[in-house]
2 protein chains.
Amino acid sequence: MNTKTRYLLDESDLPKFWYNINADMPVPPTPVLNPQTKEPVTPEFLNVLFPMELIQQEVSTERYIEIPEEVREVYKLWRPTPLIRARRLEQALDTPAHIYFKNEGTSAAGSHKPNTAVAQAYYNKKEGVKALTTETGAGQWGSALSLACNFFDLDLEVYMVKISYNQKPYRRVMMEAYGAQAFASPTDRTNFGRSILAEDPDSPGSLGIAISEAVETAVMSNGKKKYSLGSVLNHVLMHQTVVGEETLKQMDLAGEYPDVVIGCVGGGSNYSGLAYPFMRQRLLEDRRTRFVAVEPTATPTLTKGLYAFDYGDAAKMAPIVKMFTLGHRFVPPPIHAGGLRYHGMAPSLCALYEAGYIEAVALHQLPTFEAAILFARSEGIIPAPETAHAIRVAIDEALDAKEKGEKRVILFNFSGHGHFDMTAYQAYLGGELVDYEYPAEAVKEAMKYLPEVAF
Amino acid sequence: MNTKTRYLLDESDLPKFWYNINADMPVPPTPVLNPQTKEPVTPEFLNVLFPMELIQQEVSTERYIEIPEEVREVYKLWRPTPLIRARRLEQALDTPAHIYFKNEGTSAAGSHKPNTAVAQAYYNKKEGVKALTTETGAGQWGSALSLACNFFDLDLEVYMVKISYNQKPYRRVMMEAYGAQAFASPTDRTNFGRSILAEDPDSPGSLGIAISEAVETAVMSNGKKKYSLGSVLNHVLMHQTVVGEETLKQMDLAGEYPDVVIGCVGGGSNYSGLAYPFMRQRLLEDRRTRFVAVEPTATPTLTKGLYAFDYGDAAKMAPIVKMFTLGHRFVPPPIHAGGLRYHGMAPSLCALYEAGYIEAVALHQLPTFEAAILFARSEGIIPAPETAHAIRVAIDEALDAKEKGEKRVILFNFSGHGHFDMTAYQAYLGGELVDYEYPAEAVKEAMKYLPEVAF
């Protein structure tokens with residue numbers, strides 16, 4: 001009888017290629033637009049923000065892109081990550097389903113984010129860049145890029161949403177331990193930040209504002225600094241596919257194939273990272289896998305948003321892309337899953353959702369914390385509030401399989417641990433956590449500001 | 001060329017036996033004494049605190065003790081843990097030395113502590129115990145036992161040193177997430193706690209006081225609750241030897257053997273866990289390995305303590321053992337390495353140190369944090385302040401090897417990560433951390449209260 005719990009791969013199994021889903025998309029791509037001209041962006045425009053090699057990856061239709069040896073060397077510090085059969089959770093649910101999770105919480109930064117942070121730092125370094133700027137909400141991305149910039153000897157300025165900066169000082173200390181500088185956004189370091197502070201000196205900030213500040217800093221640096229984004233863009237999602245490529249091999253070791261592949265979605269990178277290699281098999285080999293993306297009711301981009309062209313940031317400095325959006329001016333309710341509080345979503349993921357290849361579910365935070373506690377007490381590991389969204393749906397799938405008497409193979413991405421989110425658990429266990437209804441009015445208001453484009 | 005970074009073992013390589021160094025001790029054992037009669041303890045006396053099977057392990061001289069299948073099933077959630085070659089640290093130091101560390105920070109509780117917590121919970125459960133009591137300082141042990149009691153469906157009361165309870169609320173939340181109850185010690189729940197509060201209502205607590213409260217609670221429960229200790233005792237150290245047994249196999253995979261084996265010591269359990277299987281080879285096969293135990297200057301048990309019989313706790317309720325001690329009334333300065341702030345040390349480790357098999361080094365905390373930051377920036381992982389003591393000596397050994405132009409194989413136990421110790425990093429990076437001299441007067445005063453025994 002197979003009683004194996006962890007499926008480990010050797011260093012020699014570390015993927016040599018990222019998978020680029022643009023080679024296999026069943027629907028035509030939509031253009032990325034310059035936020036000023038609203039015409040398709042030029043490489044020159046993007047090069048103000050990104051190094052050329054990442055821009056080429058962004059528009060590439062090559063199916064596989066080689067992972068540089070220097071990047072693989074850093075990946076080896078924690079990759080391949082374990083695939084774990086959640087046997088104790090299965091027992092707790094008394095389900096015939098088999099539940100697997102890919103543990104991306106084993107990276108030093110505690111999440112999947114270093115997979116792209118390391119790649120981005122490498123390409124910037126290679127093209128002579130000396131410093132990067134970025135934003136962070138809950139701090140997962142900021143600490144991952146801090147780690148990566150430290151490895152490639154790049155300076156880093158992180159604009160951290162002020163409410164998180166104050167509520168999560170330890171993520172900030174982690175960034176500083178890796179040598180980065182973190183600022184509470186809105187800051188007085190940028191024109192946009194100053195304009196926000198002039199209107200509201202006590203602004204708690206938002207991801208959209210922080211992105212604008214990081215972008216402005218790069219744009220105004222005369223080429224000295226470039227900008228780095230932790231999700232949404234094609235190249236970011238592509239770097240995350242190491243997750244799914246490893247998992248394909250590990251499911252093979254387990255002698256199973258997932259019936260359903262689950263992940264939480266904010267910008268879409270952790271879910272795409274796991275799902276796209278399985279989606280390739282769905283598209284090219286007609287595998288009948290279901291794909292479920294999980295988002296918060298408080299920020300229901302896929303389930304309640306509009307599929308439209310919108311800006312990536314509040315100040316309209318980032319490119320315009322076609323995506324499901326709640327409006328770039330939307331400021332979400334203060335749920336603890338900070339990494340899921342983004343108004344938009346990765347264009348490729350949106351296109352696959354629109355075309356029916358991916359399902360979406362929106363959840364309130366209380367049931368996700370209930371799932372997180374059940375998971376922690378079954379499997380031991382305390383999940384990040386974002387990850388708890390995926391866990392909730394994995395549990396619901398397992399209960400559904402039980403009700404139907406089906407053996408179902410369930411796979412989800414354990415995107416990160418919750419060691420820096422214990423205030424959220426404190427609130428939940430203390431009965432102080434509340435749910436937020438779908439903020440219909442705020443979305444309606446934000447939708448007034450969608451750009452008019454010819455596409 | 002071998003460029004391997006992580007040496008992983010499969011589940012099938014998980015040790016089936018713990019190693020009991022009492023089978024091979026080069027010096028005769030010293031008796032454990034009843035704190036009231038000062039005569040050797042009887043099993044009946046110990047059974048008030050511990051289940052019989054653990055008492056048998058405590059006095060056993062069998063070389064190998066089989067690990068129950070139920071315990072191995074839980075170990076499999078995170079074991080075998082990785083052995084990592086710290087290549088980036090070697091490069092940063094430009095040393096010819098090879099540095100390896102065993103990463104025990106990969107357990108759900110974040111340290112080596114679950115290795116014994118799971119075993120102790122299992123044996124208590126097996127003998128019909130319904131609830132355990134324990135103490136915790138920094139919270140590593142309390143959270144590990146919370147995790148273990150959760151798996152075996154035991155209630156748990158944790159007496160947490162008050163200063164830590166207030167300064168580290170997140171460790172407390174972690175314990176509560178696993179279903180345990182935590183109390184700020186001294187409490188008004190015990191006679192001893194009340195007596196301390198009567199003298200000093202603002203007492204910050206100490207590990208000695210918390211142990212007394214946990215022991216009293218078990219003693220007064222009429223057999224309903226038993227007590228669990230996270231270090232010092234033979235059976236605890238023995239459960240930790242899975243660490244060293246795995247590492248022996250992993251060093252073999254690496255094709256090397258350590259010249260020096262390093263670990264931090266508070267009560268001695270993480271270091272013994274790594275070192276004793278290598279000590280077995282030193283004792284039985286005459287391997288010329290050096291062993292270095294690292295302690296804080298603020299609590300210099302081995303380097304400045306007296307080798308004498310002393311109580312394990314402040315209230316003199318725990319057994320008397322022969323060990324290096326600073327006196328059971330000693331309250332150490334508030335260094336951040338809370339797990340190393342204990343007045344005594346495991347008897348077997350003390351005997352090996354006294355007999356010259358182990359060296360000891362005492363360090364100030366500032367150089368340990370300097371080492372921790374260098375490690376974090378080289379290897380990515382942020383260490384616990386306790387672990388930073390081992391890292392500092394590993395670095396010093398590597399620098400010494402460089403000066404002497406020697407290839408030296410250095411192995412240390414990475415006992416835990418620092419995700420719940422970020423206040424310490426904040427203080428260090430902010431320049432607010434200070435060193436404490438050897439508290440000579442406090443030790444001198446505490447030494448007045450050593451028990452008079454006939455042995």
# chains A, B, ... in the order shown; residues from 1 in each chain; ligands from 1
$ closest_atom_pairs --of "chain A" --to "chain B" --cutoff "7 Å" --atoms "only C-alpha atoms" --output "tab-separated table"
residue	atom	partner	partner_atom	distance
A:Thr5	CA	B:Lys76	CA	6.6
A:Lys76	CA	B:Thr5	CA	6.6
A:Leu77	CA	B:Thr5	CA	6.7
A:Ala108	CA	B:Ile381	CA	5.0
A:Leu147	CA	B:Gly380	CA	6.6
A:Asn150	CA	B:Arg377	CA	6.5
A:Tyr170	CA	B:Met422	CA	5.6
A:Val173	CA	B:Gln426	CA	5.8
A:Ala177	CA	B:Ile373	CA	6.4
A:Tyr178	CA	B:Arg377	CA	5.7
A:Ile373	CA	B:Ala177	CA	6.4
A:Ala376	CA	B:Tyr178	CA	7.0
A:Arg377	CA	B:Tyr178	CA	5.7
A:Gly380	CA	B:Ala108	CA	5.4
A:Ile381	CA	B:Ala108	CA	5.0
A:His419	CA	B:His419	CA	6.4
A:Met422	CA	B:Tyr170	CA	5.6
A:Tyr425	CA	B:Val173	CA	6.9
A:Gln426	CA	B:Val173	CA	5.8
$ residues_around --residues "Gln250 in chain A" --least-positions-apart "3" --cutoff "7 Å" --atoms "only C-alpha atoms" --output "PyMOL selection string"
chain A and resi 7+83+246-247+253-254
$ closest_residue --among "A:Met175, A:Ile320, A:Leu248, A:Ala218" --to "Thr134 in chain A" --atoms "only C-alpha atoms"
A:Ala218
$ atom_distance --atom1 "CA of Tyr276 in chain B" --atom2 "CA of Asn115 in chain B"
14.9 Å
$ select_by_dssp --residues "range 3-113 of chain A" --states "strand (DSSP E)" --output "PyMOL selection string"
chain A and resi 6-7+17-19+64-66+83-85+98-103
$ residues_around --residues "Lys304 in chain A" --least-positions-apart "2" --cutoff "12 Å" --atoms "only C-alpha atoms" --output "ChimeraX atom specification"
/A:295-302,306-307,324-327,343-344,360-362,438-440,443-444,447
$ write_last_selection --atoms "C-alpha atoms" --output "mmCIF file, in the first residue's frame"
data_model
loop_
_atom_site.group_PDB
_atom_site.id
_atom_site.type_symbol
_atom_site.label_atom_id
_atom_site.label_comp_id
_atom_site.auth_asym_id
_atom_site.auth_seq_id
_atom_site.Cartn_x
_atom_site.Cartn_y
_atom_site.Cartn_z
ATOM 1 C CA GLU A 295 -10.713 35.072 -5.041
ATOM 2 C CA PRO A 296 -12.123 37.051 -2.085
ATOM 3 C CA THR A 297 -15.703 38.305 -2.083
ATOM 4 C CA ALA A 298 -14.193 41.647 -1.087
ATOM 5 C CA THR A 299 -12.210 41.819 -4.353
ATOM 6 C CA PRO A 300 -14.177 39.651 -6.785
ATOM 7 C CA THR A 301 -12.279 40.512 -9.943
ATOM 8 C CA LEU A 302 -13.220 37.477 -12.018
ATOM 9 C CA LEU A 306 -15.789 43.729 -16.158
ATOM 10 C CA TYR A 307 -13.652 42.255 -18.965
ATOM 11 C CA PHE A 324 -11.225 41.495 -15.639
ATOM 12 C CA THR A 325 -11.161 44.608 -13.523
ATOM 13 C CA LEU A 326 -12.964 46.314 -10.683
ATOM 14 C CA GLY A 327 -11.563 49.659 -11.841
ATOM 15 C CA HIS A 343 -8.321 45.470 -8.887
ATOM 16 C CA GLY A 344 -7.208 43.546 -11.963
ATOM 17 C CA ALA A 360 -13.826 31.060 -10.538
ATOM 18 C CA VAL A 361 -15.148 31.110 -6.983
ATOM 19 C CA ALA A 362 -15.378 34.079 -4.589
ATOM 20 C CA TYR A 438 -19.155 42.717 -2.236
ATOM 21 C CA PRO A 439 -18.428 46.466 -2.353
ATOM 22 C CA ALA A 440 -20.830 47.116 -5.215
ATOM 23 C CA VAL A 443 -16.815 49.194 -7.876
ATOM 24 C CA LYS A 444 -19.586 51.104 -9.666
ATOM 25 C CA MET A 447 -15.797 51.731 -13.204
#
$ atom_distance --atom1 "CA of Pro96 in chain B" --atom2 "CA of Tyr257 in chain B"
15.2 Å
$ closest_residue --among "B:Ser60, B:Glu213, B:Glu53, B:Thr95" --to "Lys404 in chain B" --atoms "only C-alpha atoms"
B:Thr95
$ decode --residues "range 49-78 of chain A" --atoms "N, CA and C atoms" --output "PDB file, in the first residue's frame"
ATOM      1  N   LEU A  49      10.896  50.902 -18.015  1.00  0.00           N
ATOM      2  CA  LEU A  49      10.572  50.168 -16.788  1.00  0.00           C
ATOM      3  C   LEU A  49      11.306  48.838 -16.663  1.00  0.00           C
ATOM      4  N   PHE A  50      11.472  48.130 -17.796  1.00  0.00           N
ATOM      5  CA  PHE A  50      11.952  46.743 -17.721  1.00  0.00           C
ATOM      6  C   PHE A  50      13.173  46.530 -18.614  1.00  0.00           C
ATOM      7  N   PRO A  51      14.031  45.577 -18.266  1.00  0.00           N
ATOM      8  CA  PRO A  51      15.148  45.252 -19.164  1.00  0.00           C
ATOM      9  C   PRO A  51      14.631  44.562 -20.431  1.00  0.00           C
ATOM     10  N   MET A  52      15.400  44.663 -21.522  1.00  0.00           N
ATOM     11  CA  MET A  52      14.944  44.168 -22.828  1.00  0.00           C
ATOM     12  C   MET A  52      14.608  42.681 -22.801  1.00  0.00           C
ATOM     13  N   GLU A  53      15.387  41.911 -22.064  1.00  0.00           N
ATOM     14  CA  GLU A  53      15.147  40.469 -22.110  1.00  0.00           C
ATOM     15  C   GLU A  53      13.776  40.104 -21.514  1.00  0.00           C
ATOM     16  N   LEU A  54      13.359  40.843 -20.500  1.00  0.00           N
ATOM     17  CA  LEU A  54      12.021  40.589 -19.929  1.00  0.00           C
ATOM     18  C   LEU A  54      10.929  41.069 -20.891  1.00  0.00           C
ATOM     19  N   ILE A  55      11.200  42.151 -21.625  1.00  0.00           N
ATOM     20  CA  ILE A  55      10.227  42.635 -22.608  1.00  0.00           C
ATOM     21  C   ILE A  55      10.053  41.602 -23.721  1.00  0.00           C
ATOM     22  N   GLN A  56      11.176  41.014 -24.149  1.00  0.00           N
ATOM     23  CA  GLN A  56      11.091  39.957 -25.164  1.00  0.00           C
ATOM     24  C   GLN A  56      10.289  38.766 -24.643  1.00  0.00           C
ATOM     25  N   GLN A  57      10.505  38.417 -23.397  1.00  0.00           N
ATOM     26  CA  GLN A  57       9.726  37.316 -22.813  1.00  0.00           C
ATOM     27  C   GLN A  57       8.236  37.671 -22.751  1.00  0.00           C
ATOM     28  N   GLU A  58       7.970  38.937 -22.490  1.00  0.00           N
ATOM     29  CA  GLU A  58       6.588  39.396 -22.352  1.00  0.00           C
ATOM     30  C   GLU A  58       5.795  39.160 -23.639  1.00  0.00           C
ATOM     31  N   VAL A  59       6.444  39.341 -24.782  1.00  0.00           N
ATOM     32  CA  VAL A  59       5.739  39.231 -26.069  1.00  0.00           C
ATOM     33  C   VAL A  59       6.065  37.941 -26.812  1.00  0.00           C
ATOM     34  N   SER A  60       6.915  37.117 -26.226  1.00  0.00           N
ATOM     35  CA  SER A  60       7.344  35.897 -26.917  1.00  0.00           C
ATOM     36  C   SER A  60       6.185  34.918 -27.109  1.00  0.00           C
ATOM     37  N   THR A  61       6.251  34.167 -28.230  1.00  0.00           N
ATOM     38  CA  THR A  61       5.314  33.053 -28.404  1.00  0.00           C
ATOM     39  C   THR A  61       6.064  31.718 -28.477  1.00  0.00           C
ATOM     40  N   GLU A  62       7.346  31.739 -28.114  1.00  0.00           N
ATOM     41  CA  GLU A  62       8.101  30.480 -27.960  1.00  0.00           C
ATOM     42  C   GLU A  62       7.474  29.669 -26.832  1.00  0.00           C
ATOM     43  N   ARG A  63       7.332  28.372 -27.038  1.00  0.00           N
ATOM     44  CA  ARG A  63       6.678  27.566 -26.002  1.00  0.00           C
ATOM     45  C   ARG A  63       7.540  27.427 -24.744  1.00  0.00           C
ATOM     46  N   TYR A  64       8.852  27.252 -24.936  1.00  0.00           N
ATOM     47  CA  TYR A  64       9.738  27.061 -23.781  1.00  0.00           C
ATOM     48  C   TYR A  64      10.878  28.068 -23.807  1.00  0.00           C
ATOM     49  N   ILE A  65      11.151  28.656 -22.694  1.00  0.00           N
ATOM     50  CA  ILE A  65      12.255  29.609 -22.588  1.00  0.00           C
ATOM     51  C   ILE A  65      13.222  29.101 -21.531  1.00  0.00           C
ATOM     52  N   GLU A  66      14.488  29.038 -21.936  1.00  0.00           N
ATOM     53  CA  GLU A  66      15.497  28.421 -21.080  1.00  0.00           C
ATOM     54  C   GLU A  66      15.725  29.235 -19.805  1.00  0.00           C
ATOM     55  N   ILE A  67      15.809  28.546 -18.693  1.00  0.00           N
ATOM     56  CA  ILE A  67      16.097  29.209 -17.421  1.00  0.00           C
ATOM     57  C   ILE A  67      17.612  29.368 -17.312  1.00  0.00           C
ATOM     58  N   PRO A  68      18.102  30.603 -17.163  1.00  0.00           N
ATOM     59  CA  PRO A  68      19.561  30.789 -17.088  1.00  0.00           C
ATOM     60  C   PRO A  68      20.160  30.008 -15.908  1.00  0.00           C
ATOM     61  N   GLU A  69      21.378  29.540 -16.116  1.00  0.00           N
ATOM     62  CA  GLU A  69      22.063  28.750 -15.094  1.00  0.00           C
ATOM     63  C   GLU A  69      22.176  29.525 -13.781  1.00  0.00           C
ATOM     64  N   GLU A  70      22.414  30.840 -13.872  1.00  0.00           N
ATOM     65  CA  GLU A  70      22.569  31.669 -12.658  1.00  0.00           C
ATOM     66  C   GLU A  70      21.260  31.687 -11.847  1.00  0.00           C
ATOM     67  N   VAL A  71      20.138  31.634 -12.557  1.00  0.00           N
ATOM     68  CA  VAL A  71      18.838  31.619 -11.869  1.00  0.00           C
ATOM     69  C   VAL A  71      18.596  30.244 -11.240  1.00  0.00           C
ATOM     70  N   ARG A  72      18.920  29.201 -11.999  1.00  0.00           N
ATOM     71  CA  ARG A  72      18.745  27.844 -11.462  1.00  0.00           C
ATOM     72  C   ARG A  72      19.610  27.626 -10.229  1.00  0.00           C
ATOM     73  N   GLU A  73      20.801  28.223 -10.226  1.00  0.00           N
ATOM     74  CA  GLU A  73      21.678  28.080  -9.052  1.00  0.00           C
ATOM     75  C   GLU A  73      21.013  28.641  -7.790  1.00  0.00           C
ATOM     76  N   VAL A  74      20.296  29.753  -7.943  1.00  0.00           N
ATOM     77  CA  VAL A  74      19.595  30.319  -6.779  1.00  0.00           C
ATOM     78  C   VAL A  74      18.358  29.477  -6.446  1.00  0.00           C
ATOM     79  N   TYR A  75      17.616  29.059  -7.475  1.00  0.00           N
ATOM     80  CA  TYR A  75      16.455  28.191  -7.228  1.00  0.00           C
ATOM     81  C   TYR A  75      16.836  26.994  -6.350  1.00  0.00           C
ATOM     82  N   LYS A  76      18.059  26.486  -6.574  1.00  0.00           N
ATOM     83  CA  LYS A  76      18.489  25.270  -5.860  1.00  0.00           C
ATOM     84  C   LYS A  76      18.547  25.442  -4.350  1.00  0.00           C
ATOM     85  N   LEU A  77      18.548  26.696  -3.875  1.00  0.00           N
ATOM     86  CA  LEU A  77      18.543  26.898  -2.427  1.00  0.00           C
ATOM     87  C   LEU A  77      17.287  26.308  -1.789  1.00  0.00           C
ATOM     88  N   TRP A  78      16.189  26.255  -2.550  1.00  0.00           N
ATOM     89  CA  TRP A  78      14.952  25.683  -1.970  1.00  0.00           C
ATOM     90  C   TRP A  78      14.159  24.817  -2.943  1.00  0.00           C
TER      91      TRP A  78
END
